[in-house]
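Contents: one structure, followed by commentary.
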Amino acid sequence: MTTLSVIKADVGSLPGHVKAPNKLINEVDRVLEEGKDENKITDYYIGRCGDDIDLIMTHDKGKNDSDVHELAWNSFEEATEKAKELGLYGAGQDLLSDAFSGNVRGLGPGSAEMEFDERESEPFLTFLCDKTSPSAFNLPLFKMFGDPSNTAGLVLDPSLHEGFKFTVQDFYEGKKADLACPEEMYDLLALIGISSKFAIEEVKKKDGEPAASVSTEKLNLIAGEYVGKDDPVAVVRCQSGYPAVGEALEAFSFPHLVPGWMRGSHNGPLMPVSEEEATPTRFDGPPRVVALGFQLNDGKLVGPRDLFDDPSFDETRKKAKKAADYMRRHGPFQPHLLGEDDLEYTTLPDVQDKLKDRFE
Ligand code: F6R
Ligand code: MG
Ligand code: MG
């Protein structure tokens with residue numbers, strides 16, 4: 001069995017929250033190379049989206065392995081030291097604990113993992129986001145695995161025709177349920193349409209074989225206060241019984257509105273970009289998603305191909321820029337501003353308290 005572990009964190013960037021610089025990547029690279037020499041992992045690639053560093057690792061130790069998670073944690077700690085030395089912004093921002101304790105879950109970094117027997121040829125994609133939250137994947141994952149208007153294979157290919165199972169997490173209750181699609185599609189949509197409460201955590205084939213996994217940690221709920229956006233990652237298996245690469249990518253051809261952007265408190269369009277263009281600048285955004293495609297070969301990573309680095313996504317980016325203009329014109333008003341419960345920054349309690357005697 002091969003395990004894919006994508007573990008990410010924001011441990012500092014420049015200027016402000018725009019980009020994790022190469023000097024941090026070099027630190028992470030050194031630690032992961034050592035981990036590879038010590039056979040803790042088989043292979044790795046270090047991706048980046050905005051101020052987030054994304055470790056794409058392969059190994060044979062299963063999900064939630066403490067050695068693998070500790071390796072990731074140590075690499076982020078080394079990068080944090082470098083970020084402090086360079087005076088970068090938000091140094092160590094996502095490392096919420098002073099010490100590692102068995103698993104990165106709940107400690108700040110996000111993780112999306114999957115364990116499976118490699119097929120004869122195993123293409124997979126990783127989607128890396130910045131300035132948004134895990135529920136940003138609700139719409140595209142539904143399109144990929146549930147919507148025949150997006151994924152022709154659901155209609156045409158006997159190996160996809162029976163559909164998929166979606167694991168939906170209620171992230172306020174910390175509970176999850178599996179829903180089968182197409183049988184329970186309307187129930188599924190009733191939940192995942194409410195992206196402030198429900199997020200797709202996993203997608204599986206009907207026989208339980210993993211298809212997709214999302215990092216669903218919500219940092220604001222972990223820390224009880226704002227400590228940075230959760231900026232999720234997702235892993236998606238493709239071809240031969242799964243959506244084709246182009247079907248998975250097609251799900252991002254519409255730049256849908258996601259929560260995040262400036263101060264994690266605004267709705268804005270999710271713009272698919274190349275790694276090079278994952279530098280959210282306008283109003284700290286708009287939110288970005290990068291797609292890196294690999295082939296697995298006996299646990300080794302072949303690739304990546306930077307998939308949104310393609311002219312076929314130019315119109316999507318143009319639409320995202322128009323949507324960004326349109327949303328910005330709302331200034332401090334909803335629905336550009338998120339609902340009261342989802343604001344990462346707010347002065348509302350203080351303002352209400354100050355004015356309480358003036359409301360009659
Ligand atoms: C959003 C984000 C940024 C910051 C903003 C204010 O996820 O990271 O938009 O929220 O730049 O940052 P601070 O509070 O660090 O000055
Ligand atoms: Mg940051
Ligand atoms: Mg970020």
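Here, A, B, ... name the chains of the structure tokens in the order displayed, residue numbers run from 1 inside each chain, and ligands are numbered from 1 in the same displayed order.
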
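The environment of Ser121 in chain A within 8 Å, counting only C-alpha atoms and disregarding residues fewer than 4 places along the same chain, consists of Gln295, Leu296 and Asn297 of chain A.
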
Neighbouring residues of ligand 1 are defined here as those with any atom at most 10 Å from a ligand atom, counting only C-alpha atoms and all ligand atoms; list them as a CSV table (one decimal) with N, CA and C atoms, in the first residue's frame.
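What follows is the written file part.csv:
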chain,number,residue,atom,x,y,z
A,10,ASP,N,1.4,27.6,7.1
A,10,ASP,CA,1.9,28.9,6.9
A,10,ASP,C,2.8,29.2,8.1
A,15,PRO,N,5.9,40.2,1.3
A,15,PRO,CA,5.7,41.0,2.5
A,15,PRO,C,4.3,40.6,3.0
A,16,GLY,N,4.1,40.8,4.3
A,16,GLY,CA,2.8,40.4,4.9
A,16,GLY,C,2.5,39.0,4.6
A,17,HIS,N,1.3,38.7,4.1
A,17,HIS,CA,0.9,37.3,3.9
A,17,HIS,C,0.9,36.9,2.4
A,18,VAL,N,1.8,37.5,1.6
A,18,VAL,CA,1.8,37.2,0.2
A,18,VAL,C,2.5,35.9,-0.3
A,50,GLY,N,0.7,31.0,-2.2
A,50,GLY,CA,0.8,32.2,-1.4
A,50,GLY,C,1.7,32.0,-0.2
A,51,ASP,N,1.2,32.2,1.0
A,51,ASP,CA,2.0,32.1,2.2
A,51,ASP,C,2.0,30.7,2.8
A,52,ASP,N,1.4,29.7,2.1
A,52,ASP,CA,1.4,28.4,2.5
A,52,ASP,C,2.4,27.5,1.9
A,89,TYR,N,7.0,38.0,8.0
A,89,TYR,CA,5.7,38.2,8.7
A,89,TYR,C,5.0,36.9,9.1
A,90,GLY,N,4.4,36.9,10.2
A,90,GLY,CA,3.7,35.7,10.7
A,90,GLY,C,4.5,34.5,10.9
A,93,GLN,N,3.2,31.1,12.3
A,93,GLN,CA,1.8,31.4,12.4
A,93,GLN,C,0.9,30.2,12.7
A,130,ASP,N,-4.9,29.1,-1.1
A,130,ASP,CA,-4.6,30.2,-0.1
A,130,ASP,C,-5.7,31.2,0.0
A,131,LYS,N,-5.9,31.7,1.2
A,131,LYS,CA,-6.9,32.7,1.5
A,131,LYS,C,-8.3,32.2,1.3
A,132,THR,N,-8.5,31.0,1.8
A,132,THR,CA,-9.9,30.4,1.8
A,132,THR,C,-10.0,29.3,2.8
A,133,SER,N,-11.1,28.6,2.9
A,133,SER,CA,-11.4,27.6,3.9
A,133,SER,C,-11.7,26.2,3.2
A,226,TYR,N,-8.9,33.9,16.1
A,226,TYR,CA,-8.2,33.9,14.8
A,226,TYR,C,-6.7,33.8,14.9
A,227,VAL,N,-6.2,32.8,14.1
A,227,VAL,CA,-4.7,32.6,14.1
A,227,VAL,C,-4.2,32.4,12.7
A,228,GLY,N,-5.1,32.7,11.7
A,228,GLY,CA,-4.7,32.5,10.3
A,228,GLY,C,-5.8,31.7,9.6
A,229,LYS,N,-5.9,31.9,8.3
A,229,LYS,CA,-6.9,31.1,7.6
A,229,LYS,C,-6.4,29.6,7.5
A,230,ASP,N,-7.4,28.8,7.2
A,230,ASP,CA,-7.1,27.3,7.2
A,230,ASP,C,-6.6,26.9,5.8
A,231,ASP,N,-6.8,27.7,4.8
A,231,ASP,CA,-6.1,27.5,3.5
A,231,ASP,C,-5.9,26.0,3.1
A,259,PRO,N,-15.4,31.7,1.0
A,259,PRO,CA,-15.1,32.6,2.1
A,259,PRO,C,-13.6,32.7,2.3
A,260,GLY,N,-13.1,33.8,2.7
A,260,GLY,CA,-11.7,34.0,3.0
A,260,GLY,C,-11.2,35.4,2.7
A,261,TRP,N,-10.3,35.5,1.6
A,261,TRP,CA,-9.8,36.8,1.1
A,261,TRP,C,-9.3,37.6,2.3
A,262,MET,N,-9.5,39.0,2.1
A,262,MET,CA,-9.0,39.9,3.1
A,262,MET,C,-9.4,39.6,4.5
A,263,ARG,N,-8.5,39.4,5.4
A,263,ARG,CA,-8.8,39.2,6.9
A,263,ARG,C,-9.7,38.0,7.1
A,264,GLY,N,-9.7,37.0,6.1
A,264,GLY,CA,-10.5,35.8,6.3
A,264,GLY,C,-12.0,36.2,6.5
A,265,SER,N,-12.4,37.3,6.0
A,265,SER,CA,-13.7,37.8,6.4
A,265,SER,C,-14.6,38.2,5.2
A,266,HIS,N,-14.2,37.8,4.0
A,266,HIS,CA,-14.9,38.3,2.8
A,266,HIS,C,-15.1,37.1,1.8
A,280,PRO,N,-1.2,36.1,-3.8
A,280,PRO,CA,-2.5,36.9,-3.6
A,280,PRO,C,-2.1,38.3,-3.2
A,281,THR,N,-2.4,39.3,-4.0
A,281,THR,CA,-2.0,40.6,-3.8
A,281,THR,C,-3.2,41.6,-3.7
A,282,ARG,N,-4.2,41.5,-4.6
A,282,ARG,CA,-5.3,42.5,-4.6
A,282,ARG,C,-6.2,42.2,-3.4
A,283,PHE,N,-6.2,43.1,-2.4
A,283,PHE,CA,-7.0,43.0,-1.2
A,283,PHE,C,-6.7,41.6,-0.6
A,284,ASP,N,-5.4,41.3,-0.6
A,284,ASP,CA,-4.8,40.0,-0.2
A,284,ASP,C,-5.4,38.9,-0.9
A,285,GLY,N,-5.8,39.0,-2.2
A,285,GLY,CA,-6.4,37.9,-2.9
A,285,GLY,C,-6.4,38.2,-4.4
A,286,PRO,N,-7.4,37.9,-5.1
A,286,PRO,CA,-8.5,37.0,-4.6
A,286,PRO,C,-8.0,35.6,-4.3
A,287,PRO,N,-8.8,34.8,-3.5
A,287,PRO,CA,-8.4,33.5,-3.1
A,287,PRO,C,-7.8,32.7,-4.3
A,344,GLU,N,-13.4,36.4,10.6
A,344,GLU,CA,-12.2,36.1,11.4
A,344,GLU,C,-11.7,37.4,12.2
A,345,TYR,N,-12.1,38.5,11.8
A,345,TYR,CA,-11.8,39.8,12.5
A,345,TYR,C,-13.2,40.5,12.7

With a cut-off of 12 Å, could you pull out the residues of range 48-138 of chain A touching range 168-190 of chain A and give me the nearest pair of atoms for each, distance in Å to one decimal, using only C-alpha atoms, ordered by chain and ascending number, as a tab-separated table?
residue	atom	partner	partner_atom	distance
A:Ser133	CA	A:Phe171	CA	11.7
A:Pro134	CA	A:Phe171	CA	10.2
A:Ser135	CA	A:Gln169	CA	9.8
A:Phe137	CA	A:Val168	CA	11.6
A:Asn138	CA	A:Leu189	CA	9.4

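When CA of Glu118 in chain A is paired with CA of Val236 in chain A, their separation reads 13.6 Å.
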
Write out as an MDAnalysis selection string the residues lying within 10 Å of Ala99 in chain A, counting only C-alpha atoms and excluding same-chain residues fewer than 5 positions away. chainID A and resid 73:74 77 107

Would you mind listing what lies within 9 Å of range 300-313 of chain A as a ChimeraX atom specification, with only C-alpha atoms counted and same-chain residues fewer than 3 positions away left out? /A:42-45,57-59,125,249,252-253,272-277,289-297,316-318

Selection: 7 Å around range 203-214 of chain A, only C-alpha atoms, excl. self and same-chain fewer than 3 positions, as an NGL selection string: :A and (112-114 or 164-167 or 233-237)

If we count only C-alpha atoms, what is near Val28 in chain A at a cut-off of 7 Å, once residues fewer than 3 positions away on the same chain are taken out, given as an MDAnalysis selection string? chainID A and resid 24:25 31:32 75:76 78:79

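Of the residues listed (A:Lys40, A:Asn64, A:Glu85, A:Val11), A:Val11 shows the shortest atom-to-atom separation from ligand 2; distances use only C-alpha atoms and all ligand atoms.
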
Identify all residues of range 174-252 of chain A in strand (DSSP E) (DSSP on the backbone) and supply them as a PyMOL selection string. chain A and resi 175-181+198-205+210-214+233-237

My list of candidates is A:Leu191, A:Leu4, A:Leu355, A:Leu14. Which is closest to ligand 3 when distances are computed with only C-alpha atoms and all ligand atoms? A:Leu14

Could you tell me how far CA of Ile7 in chain A sits from CA of Leu55 in chain A, in Å to one decimal place? 5.2 Å

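Shortest separation to ligand 2 among A:Arg288, A:Lys82, A:Lys354, A:Lys19 occurs at residue A:Lys19, atoms counted being only C-alpha atoms and all ligand atoms.
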
According to DSSP computed on the backbone, where in range 90-288 of chain A is there helix (DSSP H, G or I)? Give the residues as a ChimeraX atom specification. /A:134-146,153-156,185-192,219-223,245-250,262-264
